[in-house]
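Remarks on the structure that follows.
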Amino acid sequence: MGHPISPIGPMRPMGARPLAPAGTDRTMKRFLALALLGAALLCSAPASARLLARVEPGWSPFARGPVAQELTSLVSEARGLLGTDPERVAFVLARSPVQDGPPGRLLQGLRADALYQVGGEAVFEAQRLYRSLETGTGDPAELAWVRFMLANIHRGLGFDREAEAGYREALGGPEGPWTPALRFDLAALAHEGGRTAEARDAFLSWLQAYPEEPGRALVLYLLGEAEAALGTEPAARLRFREARALEPQGWLVRAETGHALAEGLLRDGHAGDAVQVLETLAESRHGTWEGARAQLRVGEIWEARGDVARAARTYAVLLAGGTTLEGAREAVLRLALLGAEHADRVDLTEPFPAYRVFYRPQPSLEEIAAARDPLAAQRALRGLAGLARREGRELEALSLLVRVFRTYPETPESGRAYEDFVTALEGHLTARLAASAFAEVALTYETFREAAAWVPTRETGPLASAAAEAYEALGTPSLARTLYEELQARGTRALAPPELEARILRTRAAEGDLQALRRLAQTRRDWRAYRALARREASSPSSPSSGNRDQARRTYLEAIGVAPGPSEKAELLAEADGLLAPERSAADLLEALQSRRRAWETLPPGPEREAWEAGERLPEGRLRYALGEARTAASLLRGVSELGPEDRYVLALAERAAGRPAEARALWEALAAEGAPLFSGLARVHLDLAGFPPGLPGPPAAGGRP
């Protein structure tokens, strides 16, 4: 969670100036001001280093209290120089012949304190001396101090677990001037270790225990940061307000605190104040990643507010003003992403290279996409996908999004890219389906089908539904049915269950499934469905007998019954003619003809119905003559406006059989005069043989064939 903090720390570079001389009349407030919020730390501590304040040397147990008479001069001088010249103190005390007993322990403690103040490599010698003092038999206050200092050394070296253990051991001893700093260190270690709730409670306890200490400002800032991390925003805002009232820029000790403060201001609607905090942080950490991070967050704020120009200029300033390699790479990526989306609407006047990156984003994005940083590569690929989509290269955009989540699957960016991909694919398929580009829909779906299933629980029903519709339109119902059945098996919100069932039935019917055709026809009462069923029944190889044709004939009649208008009924009758009039006996033919007539009678009265009825007089007249019904046959045939030679010959025979010889003679005379082959000759025979001699054609017996 950012860079660690240690307000009480043991080390500084060799020769660095200590914070205060020993022997001065310092109050506890001054000690804590130095320990927790020293001006040197606020102004000069590098962002990447641990923040190390110092305990006032005058508060060391070894720099206080009585001294053996023979050591008075040496100890007094050492105590006087400890704060101003610790190197000299360490040098002189190292040559003291006193080694044993309380005097030796006192000199060892003073020398350890001096080496601690010198810092650098001297700290390791100080650590050795403190360890030897820890095993001695000194008073409890000295032991607590030694453990505290050893913990400080561990803290400075990065051994936080050992440091925390040492602080807790020191806390078990008597309290001393170092106790507030020690308790703060424990809270800070919990904060840095991610134990935020524990840190929050420890900071609150510190504030209650030390209500008058100047270190309250830093503790309040850190407490506000902890509250924000725990999601207790009202408490975080309160702590930040209290801290700013005490020390407006006290948060600069820790970059994470500055970010938490800025985010709280932003949520409260104070975007300007948030930007000011972040810009101050960026300036104080100029040339570091912490500084770049703060500047980048400023750009994000402007982006979120829709001020693309200001966001782009913020990134451009970072790119041109000197930053880390990581900061420069992120600035280039963000500039390119902004340019890919807004270059045609924003006037960026920043100089090269920001201008080039913003207005020609593709090369920069391609370079980042090919680099080894997976997160940056994913974002660059998404930018390239957006650029392709805006330029109308939809399939390329989809392929780029697939690269994002298939190449780098274990990042948050992968999930976002996958959602964008599915949404874009669904929109593309829907648009192409509406444009009747069925082949394109089917091909695109098959191309990206596996990628769309990358998240097994994602609802991709609309994709499969669109592809199935395209397959139906392309005349491949089996492929459509496969998709519909997959959707039915796994469940989908894209189609209601009844609609999905209806589509499966429709595709099965289109494949020629008799059961599906019959169910579809009966369910929908649609004449087209009945016609499809009749056709399938008529051509079904399941039974070579006439049973299928009989069923088809009945189905055609049902279709005629539900057909919406005369045209549809006429179309069905014409198609069913062969089934309604099979070539069998005259009686069967007549029965079929009468069935067909009943079907024709479903047509509304009018010219179309009359024309069809008139057209039926000829076949019925023939059939009536074949059945021996001469009078009826003659009546029907006379009603036909145009008869061929063969039918006029039959009519003449029917007239003679019906007892109308004059009408028969007139018909034969007309036939004989025409010179028609066969029938003219037959007519002359009848005329020459007056009285119609036996042996010539006459009405057949009932049930015979014409």
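Each chain of the structure tokens is named A, B, ... in the order shown, its residues numbered from 1; ligands are numbered from 1 in display order.
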Shell of 9 Å around region 314-320 of chain A, only C-alpha atoms, local chain residues under 6 positions omitted, as number ranges by chain: A: 292, 295-296, 298-299, 302, 327-332, 334-335, 350-355
Could you write out that same residue set with N, CA and C atoms as a compact mmCIF listing (two decimals), in the first residue's frame?
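selection_19.txt, written as the output of this step:
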```txt
# COMPACT_ATOMS: atom_id res chain seq x y z
N ALA A 292 4.57 11.35 -11.07
CA ALA A 292 3.86 11.04 -12.32
C ALA A 292 2.48 10.49 -12.03
N GLN A 295 0.12 13.30 -11.27
CA GLN A 295 -0.21 14.05 -12.49
C GLN A 295 -1.17 13.25 -13.38
N LEU A 296 -0.96 11.96 -13.46
CA LEU A 296 -1.85 11.12 -14.26
C LEU A 296 -3.26 11.11 -13.68
N VAL A 298 -4.66 13.56 -12.14
CA VAL A 298 -5.27 14.83 -12.55
C VAL A 298 -5.87 14.69 -13.95
N GLY A 299 -5.12 14.06 -14.85
CA GLY A 299 -5.65 13.84 -16.20
C GLY A 299 -6.91 13.00 -16.19
N TRP A 302 -9.91 15.14 -15.31
CA TRP A 302 -10.40 15.95 -16.44
C TRP A 302 -11.12 15.07 -17.46
N GLY A 327 6.29 6.55 -16.10
CA GLY A 327 5.38 7.69 -16.24
C GLY A 327 5.25 8.14 -17.67
N ALA A 328 6.38 8.18 -18.40
CA ALA A 328 6.34 8.58 -19.80
C ALA A 328 5.54 7.60 -20.64
N ARG A 329 5.72 6.31 -20.39
CA ARG A 329 5.00 5.30 -21.16
C ARG A 329 3.49 5.41 -20.92
N GLU A 330 3.11 5.65 -19.67
CA GLU A 330 1.68 5.78 -19.37
C GLU A 330 1.11 7.05 -20.01
N ALA A 331 1.89 8.13 -20.00
CA ALA A 331 1.41 9.37 -20.62
C ALA A 331 1.22 9.19 -22.12
N VAL A 332 2.16 8.50 -22.78
CA VAL A 332 2.02 8.23 -24.21
C VAL A 332 0.77 7.39 -24.48
N ARG A 334 -1.99 7.10 -22.69
CA ARG A 334 -3.22 7.86 -22.48
C ARG A 334 -3.44 8.90 -23.56
N LEU A 335 -2.37 9.55 -23.99
CA LEU A 335 -2.51 10.51 -25.10
C LEU A 335 -2.99 9.82 -26.36
N GLU A 350 -0.10 21.40 -27.95
CA GLU A 350 1.15 21.04 -27.29
C GLU A 350 2.19 20.63 -28.34
N PRO A 351 3.46 20.86 -28.05
CA PRO A 351 4.51 20.59 -29.06
C PRO A 351 4.77 19.10 -29.23
N PHE A 352 5.54 18.79 -30.20
CA PHE A 352 6.04 17.44 -30.45
C PHE A 352 6.79 16.98 -29.19
N PRO A 353 6.66 15.70 -28.71
CA PRO A 353 6.01 14.58 -29.39
C PRO A 353 4.53 14.38 -29.04
N ALA A 354 4.00 15.19 -28.07
CA ALA A 354 2.61 14.98 -27.67
C ALA A 354 1.67 15.18 -28.86
N TYR A 355 1.95 16.16 -29.69
CA TYR A 355 1.10 16.44 -30.85
C TYR A 355 1.05 15.23 -31.78
```
Filtered DSSP result for region 171-364 of chain A, state alpha helix (DSSP H), as a VMD selection string: chain A and resid 171 179 to 192 196 to 209 216 to 229 233 to 246 255 to 267 271 to 284 289 to 304 308 to 320 325 to 342 354 to 359 361 to 364
Selection: 10 Å around Leu463 (chain A), only C-alpha atoms, excl. self and same-chain fewer than 3 positions, as a PyMOL selection string: chain A and resi 422-423+425-430+441+445+448-449+452+459-460+466-468+494
Save out the residues we just selected, all heavy atoms, as a tab-separated table (two decimals), in the first residue's frame.
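Below you can see selection26.tsv, which holds the result:
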```tsv
chain	number	residue	atom	x	y	z
A	422	VAL	N	-18.59	-8.81	-26.75
A	422	VAL	CA	-19.91	-9.44	-26.89
A	422	VAL	C	-20.95	-8.39	-27.29
A	422	VAL	O	-21.80	-8.63	-28.15
A	422	VAL	CB	-20.31	-10.16	-25.59
A	422	VAL	CG1	-21.73	-10.69	-25.70
A	422	VAL	CG2	-19.35	-11.31	-25.31
A	423	THR	N	-20.87	-7.22	-26.67
A	423	THR	CA	-21.82	-6.15	-27.02
A	423	THR	C	-21.67	-5.73	-28.47
A	423	THR	O	-22.66	-5.56	-29.20
A	423	THR	CB	-21.61	-4.95	-26.09
A	423	THR	OG1	-21.80	-5.36	-24.73
A	423	THR	CG2	-22.59	-3.84	-26.41
A	425	LEU	N	-20.30	-7.48	-30.95
A	425	LEU	CA	-20.69	-8.58	-31.84
A	425	LEU	C	-22.20	-8.68	-31.95
A	425	LEU	O	-22.74	-8.87	-33.05
A	425	LEU	CB	-20.10	-9.89	-31.32
A	425	LEU	CG	-20.42	-11.14	-32.13
A	425	LEU	CD1	-19.93	-11.01	-33.56
A	425	LEU	CD2	-19.79	-12.38	-31.48
A	426	GLU	N	-22.89	-8.52	-30.84
A	426	GLU	CA	-24.35	-8.58	-30.87
A	426	GLU	C	-24.92	-7.45	-31.72
A	426	GLU	O	-25.82	-7.67	-32.54
A	426	GLU	CB	-24.88	-8.48	-29.44
A	426	GLU	CG	-26.39	-8.61	-29.34
A	426	GLU	CD	-26.87	-8.59	-27.90
A	426	GLU	OE1	-26.10	-9.03	-27.02
A	426	GLU	OE2	-28.00	-8.12	-27.66
A	427	GLY	N	-24.37	-6.24	-31.56
A	427	GLY	CA	-24.85	-5.12	-32.37
A	427	GLY	C	-24.58	-5.32	-33.85
A	427	GLY	O	-25.43	-5.01	-34.70
A	428	HIS	N	-23.41	-5.86	-34.16
A	428	HIS	CA	-23.05	-6.09	-35.57
A	428	HIS	C	-23.97	-7.13	-36.20
A	428	HIS	O	-24.48	-6.93	-37.31
A	428	HIS	CB	-21.60	-6.55	-35.65
A	428	HIS	CG	-21.13	-6.86	-37.03
A	428	HIS	ND1	-20.93	-5.89	-37.99
A	428	HIS	CD2	-20.86	-8.05	-37.63
A	428	HIS	CE1	-20.54	-6.46	-39.12
A	428	HIS	NE2	-20.50	-7.77	-38.92
A	429	LEU	N	-24.21	-8.24	-35.51
A	429	LEU	CA	-25.07	-9.29	-36.06
A	429	LEU	C	-26.51	-8.79	-36.23
A	429	LEU	O	-27.16	-9.08	-37.23
A	429	LEU	CB	-25.04	-10.52	-35.16
A	429	LEU	CG	-23.72	-11.28	-35.07
A	429	LEU	CD1	-23.87	-12.50	-34.18
A	429	LEU	CD2	-23.23	-11.71	-36.44
A	430	THR	N	-26.97	-8.03	-35.26
A	430	THR	CA	-28.34	-7.50	-35.35
A	430	THR	C	-28.48	-6.58	-36.55
A	430	THR	O	-29.47	-6.65	-37.30
A	430	THR	CB	-28.70	-6.76	-34.06
A	430	THR	OG1	-28.58	-7.65	-32.94
A	430	THR	CG2	-30.11	-6.22	-34.11
A	441	VAL	N	-23.89	-12.72	-41.59
A	441	VAL	CA	-24.23	-13.00	-40.19
A	441	VAL	C	-23.74	-14.39	-39.81
A	441	VAL	O	-23.10	-14.58	-38.77
A	441	VAL	CB	-25.75	-12.87	-39.97
A	441	VAL	CG1	-26.13	-13.39	-38.58
A	441	VAL	CG2	-26.19	-11.43	-40.13
A	445	TYR	N	-20.69	-15.10	-37.12
A	445	TYR	CA	-20.98	-15.85	-35.90
A	445	TYR	C	-20.06	-17.06	-35.76
A	445	TYR	O	-19.51	-17.32	-34.69
A	445	TYR	CB	-22.44	-16.31	-35.90
A	445	TYR	CG	-22.78	-17.19	-34.72
A	445	TYR	CD1	-22.94	-16.65	-33.45
A	445	TYR	CD2	-22.90	-18.57	-34.87
A	445	TYR	CE1	-23.24	-17.46	-32.36
A	445	TYR	CE2	-23.19	-19.38	-33.78
A	445	TYR	CZ	-23.35	-18.82	-32.53
A	445	TYR	OH	-23.62	-19.62	-31.44
A	448	PHE	N	-16.49	-16.04	-34.64
A	448	PHE	CA	-16.30	-15.58	-33.26
A	448	PHE	C	-17.08	-16.40	-32.24
A	448	PHE	O	-17.17	-16.01	-31.08
A	448	PHE	CB	-16.70	-14.10	-33.15
A	448	PHE	CG	-15.83	-13.18	-33.94
A	448	PHE	CD1	-16.30	-12.61	-35.12
A	448	PHE	CD2	-14.54	-12.90	-33.54
A	448	PHE	CE1	-15.50	-11.76	-35.86
A	448	PHE	CE2	-13.73	-12.05	-34.27
A	448	PHE	CZ	-14.21	-11.48	-35.44
A	449	ARG	N	-17.63	-17.53	-32.68
A	449	ARG	CA	-18.46	-18.32	-31.78
A	449	ARG	C	-17.67	-18.81	-30.57
A	449	ARG	O	-18.13	-18.72	-29.43
A	449	ARG	CB	-19.04	-19.51	-32.55
A	449	ARG	CG	-19.94	-20.41	-31.71
A	449	ARG	CD	-20.54	-21.51	-32.57
A	449	ARG	NE	-21.50	-22.30	-31.85
A	449	ARG	CZ	-22.24	-23.26	-32.39
A	449	ARG	NH1	-22.11	-23.53	-33.69
A	449	ARG	NH2	-23.10	-23.94	-31.67
A	452	ALA	N	-16.85	-15.97	-28.16
A	452	ALA	CA	-18.02	-15.50	-27.42
A	452	ALA	C	-18.33	-16.39	-26.22
A	452	ALA	O	-18.92	-15.94	-25.24
A	452	ALA	CB	-19.24	-15.42	-28.34
A	459	GLU	N	-24.52	-14.59	-21.05
A	459	GLU	CA	-25.70	-14.76	-21.89
A	459	GLU	C	-25.36	-14.37	-23.32
A	459	GLU	O	-25.21	-13.20	-23.65
A	459	GLU	CB	-26.84	-13.89	-21.36
A	459	GLU	CG	-28.04	-13.75	-22.31
A	459	GLU	CD	-28.74	-15.05	-22.61
A	459	GLU	OE1	-28.14	-15.87	-23.31
A	459	GLU	OE2	-29.86	-15.25	-22.13
A	460	THR	N	-25.17	-15.37	-24.17
A	460	THR	CA	-24.88	-15.13	-25.58
A	460	THR	C	-26.03	-15.59	-26.46
A	460	THR	O	-25.85	-15.85	-27.64
A	460	THR	CB	-23.58	-15.86	-25.99
A	460	THR	OG1	-23.71	-17.26	-25.70
A	460	THR	CG2	-22.39	-15.29	-25.25
A	466	ALA	N	-29.57	-14.78	-33.57
A	466	ALA	CA	-29.38	-14.08	-34.84
A	466	ALA	C	-28.80	-15.02	-35.90
A	466	ALA	O	-29.22	-15.01	-37.06
A	466	ALA	CB	-28.46	-12.87	-34.63
A	467	ALA	N	-27.81	-15.83	-35.49
A	467	ALA	CA	-27.21	-16.77	-36.44
A	467	ALA	C	-28.23	-17.80	-36.91
A	467	ALA	O	-28.27	-18.17	-38.10
A	467	ALA	CB	-26.01	-17.46	-35.81
A	468	ALA	N	-29.07	-18.28	-35.99
A	468	ALA	CA	-30.09	-19.27	-36.37
A	468	ALA	C	-31.08	-18.68	-37.37
A	468	ALA	O	-31.48	-19.35	-38.34
A	468	ALA	CB	-30.82	-19.76	-35.12
A	494	ALA	N	-32.85	-14.57	-24.29
A	494	ALA	CA	-33.02	-13.93	-25.60
A	494	ALA	C	-34.37	-14.27	-26.22
A	494	ALA	O	-34.95	-13.45	-26.93
A	494	ALA	CB	-31.89	-14.36	-26.53
```
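With only C-alpha atoms taken into account, the protein and nucleic acid residues at most 12 Å from Leu238 (chain A) (excluding it and anything under 4 positions from it in its own chain) are Leu220, Tyr221, Leu223, Gly224, Glu225, Glu227, Ala228, Thr232, Glu233, Pro234, Glu242, Ala243, Arg244, Ala245, Leu261, Gly264, Leu265 and Asp268 of chain A.
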For the residues selected in the previous step, produce a file with C-alpha atoms as a JSON list (two decimals), in the first residue's frame.
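The resulting out.json:
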```json
[["chain", "number", "residue", "atom", "x", "y", "z"],
["A", 220, "LEU", "CA", -5.36, 12.60, 11.67],
["A", 221, "TYR", "CA", -4.31, 12.47, 8.01],
["A", 223, "LEU", "CA", -6.61, 8.08, 10.19],
["A", 224, "GLY", "CA", -8.55, 9.76, 7.37],
["A", 225, "GLU", "CA", -6.73, 7.59, 4.85],
["A", 227, "GLU", "CA", -11.28, 5.48, 7.17],
["A", 228, "ALA", "CA", -11.46, 6.08, 3.41],
["A", 232, "THR", "CA", -16.44, 5.09, 6.11],
["A", 233, "GLU", "CA", -16.47, 8.28, 4.06],
["A", 234, "PRO", "CA", -18.11, 10.65, 6.59],
["A", 242, "GLU", "CA", -9.42, 18.40, 11.31],
["A", 243, "ALA", "CA", -5.95, 17.60, 9.94],
["A", 244, "ARG", "CA", -6.00, 20.41, 7.38],
["A", 245, "ALA", "CA", -6.97, 22.87, 10.06],
["A", 261, "LEU", "CA", -7.50, 13.29, 0.58],
["A", 264, "GLY", "CA", -12.48, 12.52, -0.68],
["A", 265, "LEU", "CA", -12.53, 16.09, -2.00],
["A", 268, "ASP", "CA", -17.58, 15.92, -2.08]]
```
Using only C-alpha atoms, which residues sit within 10 Å of Glu162 (chain A) once same-chain residues fewer than 3 positions away are excluded, as a PDB file with all heavy atoms, in the first residue's frame?
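Now in selection39.pdb:
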```
ATOM      1  N   LEU A 150      16.482  -0.991  18.844  1.00  0.00           N
ATOM      2  CA  LEU A 150      16.701  -2.152  17.970  1.00  0.00           C
ATOM      3  C   LEU A 150      15.543  -2.309  16.975  1.00  0.00           C
ATOM      4  O   LEU A 150      15.743  -2.628  15.796  1.00  0.00           O
ATOM      5  CB  LEU A 150      16.844  -3.421  18.812  1.00  0.00           C
ATOM      6  CG  LEU A 150      18.194  -3.624  19.506  1.00  0.00           C
ATOM      7  CD1 LEU A 150      18.130  -4.794  20.478  1.00  0.00           C
ATOM      8  CD2 LEU A 150      19.292  -3.870  18.456  1.00  0.00           C
ATOM      9  N   ALA A 151      14.326  -2.072  17.462  1.00  0.00           N
ATOM     10  CA  ALA A 151      13.172  -2.139  16.561  1.00  0.00           C
ATOM     11  C   ALA A 151      13.266  -1.062  15.485  1.00  0.00           C
ATOM     12  O   ALA A 151      12.933  -1.287  14.315  1.00  0.00           O
ATOM     13  CB  ALA A 151      11.881  -2.002  17.352  1.00  0.00           C
ATOM     14  N   ASN A 152      13.755   0.136  15.881  1.00  0.00           N
ATOM     15  CA  ASN A 152      13.933   1.205  14.897  1.00  0.00           C
ATOM     16  C   ASN A 152      14.925   0.782  13.808  1.00  0.00           C
ATOM     17  O   ASN A 152      14.726   1.063  12.622  1.00  0.00           O
ATOM     18  CB  ASN A 152      14.455   2.468  15.581  1.00  0.00           C
ATOM     19  CG  ASN A 152      13.360   3.206  16.318  1.00  0.00           C
ATOM     20  OD1 ASN A 152      12.182   3.032  16.031  1.00  0.00           O
ATOM     21  ND2 ASN A 152      13.755   4.026  17.288  1.00  0.00           N
ATOM     22  N   ILE A 153      16.008   0.128  14.221  1.00  0.00           N
ATOM     23  CA  ILE A 153      17.009  -0.313  13.246  1.00  0.00           C
ATOM     24  C   ILE A 153      16.404  -1.356  12.315  1.00  0.00           C
ATOM     25  O   ILE A 153      16.594  -1.308  11.088  1.00  0.00           O
ATOM     26  CB  ILE A 153      18.256  -0.852  13.971  1.00  0.00           C
ATOM     27  CG1 ILE A 153      18.951   0.292  14.727  1.00  0.00           C
ATOM     28  CG2 ILE A 153      19.202  -1.507  12.979  1.00  0.00           C
ATOM     29  CD1 ILE A 153      20.090  -0.155  15.621  1.00  0.00           C
ATOM     30  N   HIS A 154      15.672  -2.315  12.882  1.00  0.00           N
ATOM     31  CA  HIS A 154      14.996  -3.301  12.029  1.00  0.00           C
ATOM     32  C   HIS A 154      14.043  -2.614  11.049  1.00  0.00           C
ATOM     33  O   HIS A 154      13.966  -2.973   9.877  1.00  0.00           O
ATOM     34  CB  HIS A 154      14.217  -4.296  12.899  1.00  0.00           C
ATOM     35  CG  HIS A 154      15.085  -5.315  13.543  1.00  0.00           C
ATOM     36  ND1 HIS A 154      14.975  -5.635  14.884  1.00  0.00           N
ATOM     37  CD2 HIS A 154      16.089  -6.092  13.062  1.00  0.00           C
ATOM     38  CE1 HIS A 154      15.875  -6.569  15.185  1.00  0.00           C
ATOM     39  NE2 HIS A 154      16.556  -6.863  14.095  1.00  0.00           N
ATOM     40  N   ARG A 155      13.330  -1.617  11.569  1.00  0.00           N
ATOM     41  CA  ARG A 155      12.378  -0.882  10.722  1.00  0.00           C
ATOM     42  C   ARG A 155      13.107  -0.184   9.583  1.00  0.00           C
ATOM     43  O   ARG A 155      12.672  -0.232   8.430  1.00  0.00           O
ATOM     44  CB  ARG A 155      11.651   0.143  11.585  1.00  0.00           C
ATOM     45  CG  ARG A 155      10.643   0.976  10.824  1.00  0.00           C
ATOM     46  CD  ARG A 155       9.304   0.305  10.845  1.00  0.00           C
ATOM     47  NE  ARG A 155       8.279   1.220  10.385  1.00  0.00           N
ATOM     48  CZ  ARG A 155       7.607   1.087   9.248  1.00  0.00           C
ATOM     49  NH1 ARG A 155       7.884   0.088   8.446  1.00  0.00           N
ATOM     50  NH2 ARG A 155       6.668   1.933   8.915  1.00  0.00           N
ATOM     51  N   GLY A 158      14.092  -2.527   6.861  1.00  0.00           N
ATOM     52  CA  GLY A 158      13.009  -3.168   6.117  1.00  0.00           C
ATOM     53  C   GLY A 158      12.500  -4.456   6.722  1.00  0.00           C
ATOM     54  O   GLY A 158      11.670  -5.138   6.112  1.00  0.00           O
ATOM     55  N   PHE A 159      12.962  -4.810   7.935  1.00  0.00           N
ATOM     56  CA  PHE A 159      12.494  -6.032   8.591  1.00  0.00           C
ATOM     57  C   PHE A 159      11.309  -5.680   9.490  1.00  0.00           C
ATOM     58  O   PHE A 159      11.434  -5.566  10.723  1.00  0.00           O
ATOM     59  CB  PHE A 159      13.622  -6.678   9.390  1.00  0.00           C
ATOM     60  CG  PHE A 159      14.814  -7.043   8.548  1.00  0.00           C
ATOM     61  CD1 PHE A 159      16.057  -6.461   8.774  1.00  0.00           C
ATOM     62  CD2 PHE A 159      14.683  -7.958   7.514  1.00  0.00           C
ATOM     63  CE1 PHE A 159      17.148  -6.801   7.996  1.00  0.00           C
ATOM     64  CE2 PHE A 159      15.778  -8.295   6.736  1.00  0.00           C
ATOM     65  CZ  PHE A 159      17.014  -7.715   6.964  1.00  0.00           C
ATOM     66  N   ALA A 165       7.757  -6.851  16.453  1.00  0.00           N
ATOM     67  CA  ALA A 165       7.975  -7.646  17.663  1.00  0.00           C
ATOM     68  C   ALA A 165       8.774  -6.855  18.692  1.00  0.00           C
ATOM     69  O   ALA A 165       8.476  -6.877  19.895  1.00  0.00           O
ATOM     70  CB  ALA A 165       8.692  -8.941  17.304  1.00  0.00           C
ATOM     71  N   GLY A 166       9.809  -6.113  18.244  1.00  0.00           N
ATOM     72  CA  GLY A 166      10.609  -5.304  19.159  1.00  0.00           C
ATOM     73  C   GLY A 166       9.808  -4.179  19.781  1.00  0.00           C
ATOM     74  O   GLY A 166       9.935  -3.893  20.987  1.00  0.00           O
ATOM     75  N   TYR A 167       8.975  -3.517  18.967  1.00  0.00           N
ATOM     76  CA  TYR A 167       8.145  -2.443  19.518  1.00  0.00           C
ATOM     77  C   TYR A 167       7.209  -2.979  20.602  1.00  0.00           C
ATOM     78  O   TYR A 167       6.998  -2.343  21.644  1.00  0.00           O
ATOM     79  CB  TYR A 167       7.315  -1.791  18.412  1.00  0.00           C
ATOM     80  CG  TYR A 167       8.114  -0.908  17.472  1.00  0.00           C
ATOM     81  CD1 TYR A 167       7.885  -0.953  16.098  1.00  0.00           C
ATOM     82  CD2 TYR A 167       9.075  -0.025  17.954  1.00  0.00           C
ATOM     83  CE1 TYR A 167       8.592  -0.143  15.224  1.00  0.00           C
ATOM     84  CE2 TYR A 167       9.794   0.790  17.089  1.00  0.00           C
ATOM     85  CZ  TYR A 167       9.556   0.720  15.719  1.00  0.00           C
ATOM     86  OH  TYR A 167      10.265   1.516  14.869  1.00  0.00           O
TER      87      TYR A 167
END
```
For CA of Gly173 (chain A) and CA of Glu134 (chain A), the interatomic separation in Å (one decimal):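 Distance reported for this atom pair: 12.7 Å.
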